[in-house]
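Asks: The structure's right below; bear with me while I get my questions together.
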Amino acid sequence: HARQSLITSPKSGAMLDFGKTLSLRGHAWAGDVGIKEVQVSIDYGATWQKANVQPPKNRLAWQHWSAQIMLPKKGYYEVWARATDANGTTQPMVIPAWNPGGYLNNACHRIAVKAV
């Protein structure tokens, strides 16, 4: 099963006011297994913070998630999101031998933001 998570807000390249909370939103999906949790990281996966995950509207639906993060200083950040399904399987950080067409890509989604 493919586990996927997407960051839908903010968009990559967003400029954010330093000192304000960064509100993240997105979707996650794991087929008919369901998502147990979504985690986000702003330090290249060194630490992870749990997001709030809503239950699916039906058995195969994408699940909405949200998180609040404080960026510790001004500068550029990569925000990562990863999903874990109900069986405990987590999205990989990268896909080995990933094909150029993008098929079956379930690696962690990343966006770039800047705190100014």
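Chain labels follow the order of the structure tokens: the first chain is A, the next B, and so on; residue numbering restarts at 1 in every chain, and ligands are counted from 1 in their shown order.
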Mind checking which residues fall within 9 Å of range 84-91 of chain A, counting only C-alpha atoms, ignoring those fewer than 2 positions away in the same chain, and posting them as a ChimeraX atom specification?
Replies: /A:2-5,29-30,33-39,82,93-94,106-108
Asks: Got time to write the residues from that selection, all heavy atoms, as a CSV table (one decimal), in the first residue's frame?
Replies:
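Written output follows (again.csv):
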chain,number,residue,atom,x,y,z
A,2,ALA,N,0.5,2.2,-0.8
A,2,ALA,CA,1.2,3.5,-0.8
A,2,ALA,C,0.6,4.4,0.3
A,2,ALA,O,-0.7,4.5,0.5
A,2,ALA,CB,1.0,4.2,-2.1
A,3,ARG,N,1.4,5.0,1.1
A,3,ARG,CA,1.0,6.0,2.1
A,3,ARG,C,1.5,7.3,1.5
A,3,ARG,O,2.6,7.5,1.1
A,3,ARG,CB,1.7,5.8,3.5
A,3,ARG,CG,1.0,4.7,4.2
A,3,ARG,CD,2.0,3.8,5.0
A,3,ARG,NE,3.2,3.3,4.2
A,3,ARG,CZ,3.1,2.3,3.4
A,3,ARG,NH1,1.9,1.7,3.2
A,3,ARG,NH2,4.1,1.9,2.7
A,4,GLN,N,0.6,8.3,1.5
A,4,GLN,CA,0.9,9.6,1.0
A,4,GLN,C,0.4,10.7,1.9
A,4,GLN,O,-0.6,10.6,2.5
A,4,GLN,CB,0.3,9.8,-0.4
A,4,GLN,CG,0.9,8.8,-1.4
A,4,GLN,CD,0.3,9.1,-2.8
A,4,GLN,OE1,-0.8,9.4,-3.0
A,4,GLN,NE2,1.2,9.0,-3.8
A,5,SER,N,1.2,11.8,2.0
A,5,SER,CA,0.8,13.0,2.6
A,5,SER,C,1.2,14.2,1.8
A,5,SER,O,2.2,14.1,1.2
A,5,SER,CB,1.4,13.1,4.1
A,5,SER,OG,2.8,13.1,4.0
A,29,TRP,N,-3.4,9.9,2.9
A,29,TRP,CA,-4.2,8.8,2.4
A,29,TRP,C,-3.4,7.5,2.4
A,29,TRP,O,-2.1,7.5,2.2
A,29,TRP,CB,-4.5,9.1,0.9
A,29,TRP,CG,-5.4,8.0,0.2
A,29,TRP,CD1,-6.7,7.8,0.3
A,29,TRP,CD2,-4.9,7.0,-0.7
A,29,TRP,NE1,-7.1,6.8,-0.5
A,29,TRP,CE2,-6.0,6.3,-1.1
A,29,TRP,CE3,-3.6,6.7,-1.2
A,29,TRP,CZ2,-5.9,5.2,-2.0
A,29,TRP,CZ3,-3.5,5.7,-2.1
A,29,TRP,CH2,-4.7,4.9,-2.5
A,30,ALA,N,-4.0,6.4,2.7
A,30,ALA,CA,-3.3,5.1,2.8
A,30,ALA,C,-4.2,4.0,2.2
A,30,ALA,O,-4.3,2.9,2.7
A,30,ALA,CB,-2.9,4.7,4.2
A,33,VAL,N,-6.5,1.1,4.2
A,33,VAL,CA,-5.9,0.9,5.6
A,33,VAL,C,-6.2,2.0,6.5
A,33,VAL,O,-6.5,1.8,7.7
A,33,VAL,CB,-4.4,0.7,5.5
A,33,VAL,CG1,-3.8,0.5,6.9
A,33,VAL,CG2,-4.1,-0.5,4.6
A,34,GLY,N,-6.2,3.3,6.1
A,34,GLY,CA,-6.4,4.4,6.9
A,34,GLY,C,-5.1,5.0,7.5
A,34,GLY,O,-4.1,4.3,7.7
A,35,ILE,N,-5.1,6.3,7.8
A,35,ILE,CA,-4.0,7.0,8.4
A,35,ILE,C,-4.1,7.0,9.9
A,35,ILE,O,-5.1,7.4,10.4
A,35,ILE,CB,-3.9,8.4,7.9
A,35,ILE,CG1,-3.6,8.4,6.3
A,35,ILE,CG2,-2.8,9.2,8.6
A,35,ILE,CD1,-2.3,7.9,5.9
A,36,LYS,N,-3.0,6.5,10.6
A,36,LYS,CA,-3.0,6.6,12.0
A,36,LYS,C,-2.5,7.9,12.5
A,36,LYS,O,-3.0,8.5,13.4
A,36,LYS,CB,-2.1,5.5,12.6
A,36,LYS,CG,-2.0,5.4,14.1
A,36,LYS,CD,-1.2,4.2,14.6
A,36,LYS,CE,0.3,4.4,14.4
A,36,LYS,NZ,1.1,3.4,15.0
A,37,GLU,N,-1.4,8.4,11.9
A,37,GLU,CA,-0.9,9.7,12.2
A,37,GLU,C,-0.1,10.4,11.1
A,37,GLU,O,0.4,9.7,10.2
A,37,GLU,CB,0.0,9.7,13.5
A,37,GLU,CG,1.3,9.1,13.4
A,37,GLU,CD,2.1,9.1,14.7
A,37,GLU,OE1,1.6,9.3,15.7
A,37,GLU,OE2,3.3,8.9,14.6
A,38,VAL,N,0.0,11.7,11.2
A,38,VAL,CA,0.8,12.5,10.3
A,38,VAL,C,1.8,13.3,11.2
A,38,VAL,O,1.3,13.8,12.3
A,38,VAL,CB,0.0,13.5,9.4
A,38,VAL,CG1,0.9,14.4,8.6
A,38,VAL,CG2,-0.9,12.7,8.5
A,39,GLN,N,3.0,13.4,10.8
A,39,GLN,CA,4.0,14.1,11.5
A,39,GLN,C,4.7,15.1,10.6
A,39,GLN,O,4.8,14.9,9.4
A,39,GLN,CB,5.1,13.2,12.1
A,39,GLN,CG,4.6,12.2,13.1
A,39,GLN,CD,5.6,11.2,13.5
A,39,GLN,OE1,6.3,10.6,12.7
A,39,GLN,NE2,5.9,11.1,14.8
A,82,ARG,N,5.0,13.5,6.8
A,82,ARG,CA,5.0,12.0,6.6
A,82,ARG,C,3.8,11.4,7.3
A,82,ARG,O,3.4,11.9,8.3
A,82,ARG,CB,6.3,11.4,7.0
A,82,ARG,CG,6.5,11.3,8.5
A,82,ARG,CD,7.8,10.6,8.9
A,82,ARG,NE,7.9,10.5,10.4
A,82,ARG,CZ,9.0,10.1,11.0
A,82,ARG,NH1,10.0,9.7,10.3
A,82,ARG,NH2,9.0,10.0,12.3
A,93,MET,N,11.6,8.4,3.5
A,93,MET,CA,12.1,9.7,3.3
A,93,MET,C,12.4,10.0,1.8
A,93,MET,O,12.1,11.1,1.3
A,93,MET,CB,13.4,9.9,4.1
A,93,MET,CG,13.2,9.8,5.6
A,93,MET,SD,11.9,10.9,6.3
A,93,MET,CE,12.7,12.4,6.0
A,94,VAL,N,12.9,9.0,1.1
A,94,VAL,CA,13.1,9.1,-0.3
A,94,VAL,C,12.8,7.8,-1.0
A,94,VAL,O,12.6,6.8,-0.3
A,94,VAL,CB,14.6,9.5,-0.6
A,94,VAL,CG1,15.0,10.8,-0.1
A,94,VAL,CG2,15.5,8.4,-0.1
A,106,ASN,N,5.8,7.8,-3.1
A,106,ASN,CA,5.1,8.1,-1.8
A,106,ASN,C,6.1,8.6,-0.8
A,106,ASN,O,5.9,8.5,0.4
A,106,ASN,CB,4.4,6.8,-1.3
A,106,ASN,CG,5.4,5.7,-0.9
A,106,ASN,OD1,6.5,5.6,-1.4
A,106,ASN,ND2,5.0,4.9,0.0
A,107,ALA,N,7.2,9.3,-1.3
A,107,ALA,CA,8.2,9.8,-0.4
A,107,ALA,C,7.5,11.0,0.4
A,107,ALA,O,6.5,11.6,-0.1
A,107,ALA,CB,9.4,10.3,-1.1
A,108,CYS,N,8.2,11.4,1.5
A,108,CYS,CA,7.7,12.6,2.3
A,108,CYS,C,7.6,13.8,1.4
A,108,CYS,O,8.4,14.1,0.5
A,108,CYS,CB,8.7,12.9,3.4
A,108,CYS,SG,8.7,11.7,4.7
Asks: Which residue, A:Pro72, A:Gly26, A:Gly45, A:Pro92, has the smallest gap to Leu6 in chain A when you use only C-alpha atoms?
Replies: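 Smallest distance to Leu6 in chain A is found for A:Gly26.
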Asks: I'd like the neighbourhood of range 51-54 of chain A as number ranges by chain, where a residue qualifies if any of its atoms comes within 6 Å (using only C-alpha atoms), though same-chain residues fewer than 2 positions away should be ignored.
Replies: A: 38-39, 63-67
Asks: Restrict the selected residues to C-alpha atoms and save them as a tab-separated table (two decimals), in the first residue's frame.
Replies:
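Output contents, as saved in out.tsv:
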chain	number	residue	atom	x	y	z
A	38	VAL	CA	0.81	12.51	10.30
A	39	GLN	CA	4.01	14.14	11.51
A	63	GLN	CA	-7.90	12.50	5.53
A	64	HIS	CA	-7.37	16.17	6.41
A	65	TRP	CA	-4.59	17.11	8.84
A	66	SER	CA	-3.33	20.33	10.42
A	67	ALA	CA	-0.44	21.43	12.62
Asks: For CA of Ser41 in chain A and CA of Arg59 in chain A, quote the distance in Å rounded to one decimal.
Replies: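 Separation between CA of Ser41 in chain A and CA of Arg59 in chain A: 27.6 Å.
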Asks: Counting only C-alpha atoms, which of A:Ile42, A:Ala81, A:Met70, A:Ala28 gets nearest to Pro56 in chain A?
Replies: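 Among A:Ile42, A:Ala81, A:Met70, A:Ala28, it is A:Ala28 that comes nearest to Pro56 in chain A.
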